[in-house]
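Below: input_18.cif (mmCIF, C-alpha atoms)
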```
data_start
loop_
_atom_site.group_PDB
_atom_site.id
_atom_site.type_symbol
_atom_site.label_atom_id
_atom_site.label_comp_id
_atom_site.auth_asym_id
_atom_site.auth_seq_id
_atom_site.Cartn_x
_atom_site.Cartn_y
_atom_site.Cartn_z
ATOM 1 C CA MET A 1 28.542 -5.438 28.744
ATOM 2 C CA SER A 2 31.666 -7.520 29.218
ATOM 3 C CA VAL A 3 35.156 -6.987 27.829
ATOM 4 C CA ALA A 4 35.912 -10.687 28.329
ATOM 5 C CA GLY A 5 33.952 -11.839 25.272
ATOM 6 C CA VAL A 6 34.772 -9.133 22.784
ATOM 7 C CA ARG A 7 33.799 -10.814 19.544
ATOM 8 C CA GLY A 8 30.031 -10.995 19.875
ATOM 9 C CA ALA A 9 29.579 -13.739 17.298
ATOM 10 C CA ILE A 10 27.121 -15.649 19.455
ATOM 11 C CA THR A 11 25.137 -12.507 20.208
ATOM 12 C CA LEU A 12 24.851 -11.585 16.550
ATOM 13 C CA ALA A 13 24.018 -15.156 15.537
ATOM 14 C CA GLY A 14 21.292 -15.315 18.174
ATOM 15 C CA ILE A 15 19.768 -12.009 17.095
ATOM 16 C CA LEU A 16 19.845 -12.936 13.424
ATOM 17 C CA THR A 17 17.753 -16.030 14.156
ATOM 18 C CA LEU A 18 14.767 -13.799 14.885
ATOM 19 C CA PRO A 19 12.235 -14.303 12.084
ATOM 20 C CA LEU A 20 11.391 -11.545 9.611
ATOM 21 C CA PHE A 21 7.656 -12.213 9.820
ATOM 22 C CA LEU A 22 5.325 -13.493 12.492
ATOM 23 C CA THR A 23 2.897 -16.367 11.853
ATOM 24 C CA ASP A 24 0.122 -13.941 10.895
ATOM 25 C CA GLY A 25 2.315 -12.368 8.156
ATOM 26 C CA SER A 26 3.139 -9.110 9.919
ATOM 27 C CA LEU A 27 6.717 -7.908 10.410
ATOM 28 C CA PHE A 28 8.493 -8.952 13.590
ATOM 29 C CA PRO A 29 8.228 -5.936 15.917
ATOM 30 C CA ALA A 30 11.455 -4.005 16.532
ATOM 31 C CA ARG A 31 13.668 -6.645 14.829
ATOM 32 C CA ASP A 32 15.760 -3.918 13.195
ATOM 33 C CA LEU A 33 16.166 -2.157 16.542
ATOM 34 C CA VAL A 34 17.339 -5.378 18.250
ATOM 35 C CA ILE A 35 19.892 -6.052 15.477
ATOM 36 C CA PHE A 36 21.083 -2.440 15.676
ATOM 37 C CA LEU A 37 21.461 -2.581 19.472
ATOM 38 C CA ALA A 38 23.325 -5.922 19.330
ATOM 39 C CA ALA A 39 25.715 -4.615 16.662
ATOM 40 C CA GLY A 40 26.239 -1.443 18.724
ATOM 41 C CA VAL A 41 27.078 -3.430 21.842
ATOM 42 C CA ILE A 42 29.508 -5.595 19.858
ATOM 43 C CA ILE A 43 31.258 -2.590 18.316
ATOM 44 C CA LEU A 44 31.346 -0.743 21.647
ATOM 45 C CA SER A 45 32.835 -3.762 23.441
ATOM 46 C CA LEU A 46 35.500 -4.090 20.734
ATOM 47 C CA VAL A 47 36.432 -0.417 21.023
ATOM 48 C CA VAL A 48 36.452 -0.449 24.834
ATOM 49 C CA ALA A 49 38.543 -3.613 24.880
ATOM 50 C CA SER A 50 41.001 -2.173 22.370
ATOM 51 C CA ILE A 51 41.457 1.035 24.336
ATOM 52 C CA ALA A 52 40.887 0.103 27.978
ATOM 53 C CA LEU A 53 42.529 -3.301 28.288
ATOM 54 C CA PRO A 54 46.037 -2.207 27.230
ATOM 55 C CA ARG A 55 45.864 0.651 29.742
ATOM 56 C CA LEU A 56 44.585 -1.611 32.518
ATOM 57 C CA LEU A 57 47.205 -4.281 31.887
ATOM 58 C CA ARG A 58 50.162 -1.929 31.422
ATOM 59 C CA ASN A 59 51.568 -2.243 34.967
ATOM 60 C CA ILE A 60 50.637 -5.850 35.644
ATOM 61 C CA GLU A 61 53.566 -8.218 36.072
ATOM 62 C CA VAL A 62 53.001 -11.603 34.501
ATOM 63 C CA PRO A 63 54.603 -14.510 36.387
ATOM 64 C CA VAL A 64 57.336 -16.350 34.547
ATOM 65 C CA GLU A 65 56.147 -19.611 33.099
ATOM 66 C CA ALA A 66 58.096 -22.705 34.082
ATOM 67 C CA SER A 67 60.364 -23.882 31.312
ATOM 68 C CA HIS A 68 60.379 -27.543 30.430
ATOM 69 C CA ARG A 69 63.116 -27.155 27.840
ATOM 70 C CA LYS A 70 65.669 -29.317 29.685
ATOM 71 C CA GLU A 71 63.198 -32.169 30.077
ATOM 72 C CA GLU A 72 62.270 -31.909 26.408
ATOM 73 C CA ASP A 73 65.950 -31.951 25.424
ATOM 74 C CA TYR A 74 66.579 -35.029 27.568
ATOM 75 C CA ALA A 75 63.544 -36.725 26.047
ATOM 76 C CA ARG A 76 64.764 -35.934 22.518
ATOM 77 C CA ILE A 77 68.215 -37.298 23.318
ATOM 78 C CA ALA A 78 66.745 -40.456 24.843
ATOM 79 C CA ALA A 79 64.480 -40.957 21.818
ATOM 80 C CA ALA A 80 67.379 -40.434 19.402
ATOM 81 C CA GLU A 81 69.564 -42.870 21.338
ATOM 82 C CA ALA A 82 66.794 -45.459 21.400
ATOM 83 C CA ALA A 83 66.351 -45.053 17.651
ATOM 84 C CA ILE A 84 70.096 -45.460 17.082
ATOM 85 C CA MET A 85 70.123 -48.623 19.213
ATOM 86 C CA ALA A 86 67.182 -50.021 17.258
ATOM 87 C CA VAL A 87 68.910 -49.279 13.950
ATOM 88 C CA GLU A 88 72.111 -50.932 15.199
ATOM 89 C CA ARG A 89 70.218 -54.048 16.304
ATOM 90 C CA ALA A 90 68.354 -54.262 13.020
ATOM 91 C CA GLN A 91 71.574 -53.752 11.073
ATOM 92 C CA HIS A 92 73.356 -56.552 12.937
ATOM 93 C CA ASP A 93 70.366 -58.898 12.726
ATOM 94 C CA LEU A 94 69.850 -58.342 9.013
ATOM 95 C CA ALA A 95 73.537 -58.386 8.078
ATOM 96 C CA ALA A 96 74.420 -61.581 9.954
ATOM 97 C CA GLY A 97 75.725 -64.158 7.500
ATOM 98 C CA ARG A 98 74.956 -62.104 4.389
ATOM 99 C CA PRO A 99 77.502 -61.389 1.678
ATOM 100 C CA ASP A 100 76.298 -57.784 1.370
ATOM 101 C CA ALA A 101 76.689 -56.883 5.060
ATOM 102 C CA ASP A 102 78.538 -53.693 4.209
ATOM 103 C CA LEU A 103 75.427 -52.456 2.438
ATOM 104 C CA TYR A 104 73.471 -52.798 5.691
ATOM 105 C CA ALA A 105 76.210 -50.944 7.567
ATOM 106 C CA ASP A 106 76.156 -48.092 5.036
ATOM 107 C CA VAL A 107 72.380 -47.769 5.179
ATOM 108 C CA ALA A 108 72.436 -47.882 8.987
ATOM 109 C CA THR A 109 75.048 -45.118 9.016
ATOM 110 C CA GLN A 110 72.927 -42.950 6.727
ATOM 111 C CA ILE A 111 69.879 -43.476 8.920
ATOM 112 C CA MET A 112 71.809 -42.711 12.115
ATOM 113 C CA GLU A 113 73.080 -39.463 10.639
ATOM 114 C CA LEU A 114 69.473 -38.265 10.855
ATOM 115 C CA TYR A 115 69.767 -38.421 14.654
ATOM 116 C CA PRO A 116 72.266 -35.787 15.776
ATOM 117 C CA SER A 117 74.411 -36.615 18.776
ATOM 118 C CA VAL A 118 74.303 -32.984 19.849
ATOM 119 C CA SER A 119 71.298 -31.853 21.861
ATOM 120 C CA MET A 120 69.532 -28.517 21.543
ATOM 121 C CA ALA A 121 71.728 -27.117 24.300
ATOM 122 C CA GLY A 122 74.892 -28.188 22.464
ATOM 123 C CA CYS A 123 75.866 -30.984 24.837
ATOM 124 C CA VAL A 124 77.354 -34.074 23.255
ATOM 125 C CA SER A 125 75.815 -37.287 24.461
ATOM 126 C CA ALA A 126 78.567 -39.666 25.541
ATOM 127 C CA ARG A 127 76.461 -42.729 24.845
ATOM 128 C CA SER A 128 75.687 -41.534 21.315
ATOM 129 C CA ALA A 129 79.375 -40.907 20.672
ATOM 130 C CA SER A 130 80.290 -44.392 21.894
ATOM 131 C CA ARG A 131 77.589 -45.909 19.686
ATOM 132 C CA GLN A 132 78.978 -44.021 16.702
ATOM 133 C CA ARG A 133 82.434 -45.452 17.453
ATOM 134 C CA LYS A 134 80.962 -48.968 17.720
ATOM 135 C CA LEU A 135 79.175 -48.511 14.418
ATOM 136 C CA THR A 136 82.363 -47.356 12.721
ATOM 137 C CA LYS A 137 84.196 -50.413 14.080
ATOM 138 C CA SER A 138 81.440 -52.740 12.902
ATOM 139 C CA ARG A 139 81.485 -51.178 9.429
ATOM 140 C CA ARG A 140 85.234 -51.678 9.212
ATOM 141 C CA TYR A 141 84.861 -55.262 10.394
ATOM 142 C CA CYS A 142 82.124 -55.978 7.830
ATOM 143 C CA SER A 143 84.084 -54.373 4.999
ATOM 144 C CA ARG A 144 87.211 -56.395 5.861
ATOM 145 C CA ARG A 145 85.252 -59.652 5.902
ATOM 146 C CA HIS A 146 83.849 -59.155 2.417
#
```
Translate this structure into structure tokens?
Amino acid sequence: MSVAGVRGAITLAGILTLPLFLTDGSLFPARDLVIFLAAGVIILSLVVASIALPRLLRNIEVPVEASHRKEEDYARIAAAEAAIMAVERAQHDLAAGRPDADLYADVATQIMELYPSVSMAGCVSARSASRQRKLTKSRRYCSRRH
């Protein structure tokens, strides 16, 4: 008996594949006993695992898992900044020489608001802030032109 595999689904599935009857038509010998023993082992392993494992693991110290939160935050910031740069490029490319350039600037601003300039840790990205200032200047420029 093992407390590592406490479910017993494979054991029960294997036992239930035993046929009811043999090829000569007689009942499979001791099939009920085998099913009963398998179910007993499954129930016993569940009970032992539920009672013994918490007591065995009570005083064990689990090592602290390495946190990758900072790397994930930096990756999110880099992705958001790349998205903002792509939106800015698309806005300038699409608005060049168009009479409705301010519409492109407004839409770009709405899209960039989806990308916060504050990371999970609460640090403001200087590059994102400077891009926001550039966008505001370009919107003002476009609105003055038209």
Draw an axis-aligned box over all listed atoms of segment 48-67 of chain A, pad each side with 6 Å, and write its centre and edge lengths in Å, one decimal, as JSON.
```
{"center_x": 48.4, "center_y": -11.4, "center_z": 29.4, "size_x": 35.9, "size_y": 36.9, "size_z": 26.0}
```
**Request:** Tell me, as a list in words, which residues lie within 8 Å of segment 85-95 of chain A, counting only C-alpha atoms; anything in the same chain fewer than 3 positions away does not count.
**Result:**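 So, after excluding close chain neighbours, the residues are Glu81, Ala82, Arg98, Asp100, Ala101, Asp102, Tyr104, Ala105, Ala108, Ile111, Met112, Arg131 and Leu135 of chain A.
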**Prompt:** What gap, in Å, lies between atom CA of Gly25 of chain A and atom CA of Ile10 of chain A?
**Reply:** 27.5 Å
**Message:** Could you check the closest approach to Leu12 of chain A for each of A:Leu33, A:Asp24, A:Ile42, A:Ile60 and tell me which residue wins, using only C-alpha atoms?
**Reply:**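 For Leu12 of chain A, the nearest of the given residues is A:Ile42.
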**Asked** By how many Å are atom CA of Phe36 of chain A and atom CA of Leu18 of chain A apart?
**Response**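 Atom-to-atom, atom CA of Phe36 of chain A and atom CA of Leu18 of chain A are spaced 13.0 Å apart.
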**Request:** Record the distance separating atom CA of Thr109 of chain A and atom CA of Lys70 of chain A, expressed in Å with one decimal.
**Result:**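 Those two atoms sit 27.7 Å apart.
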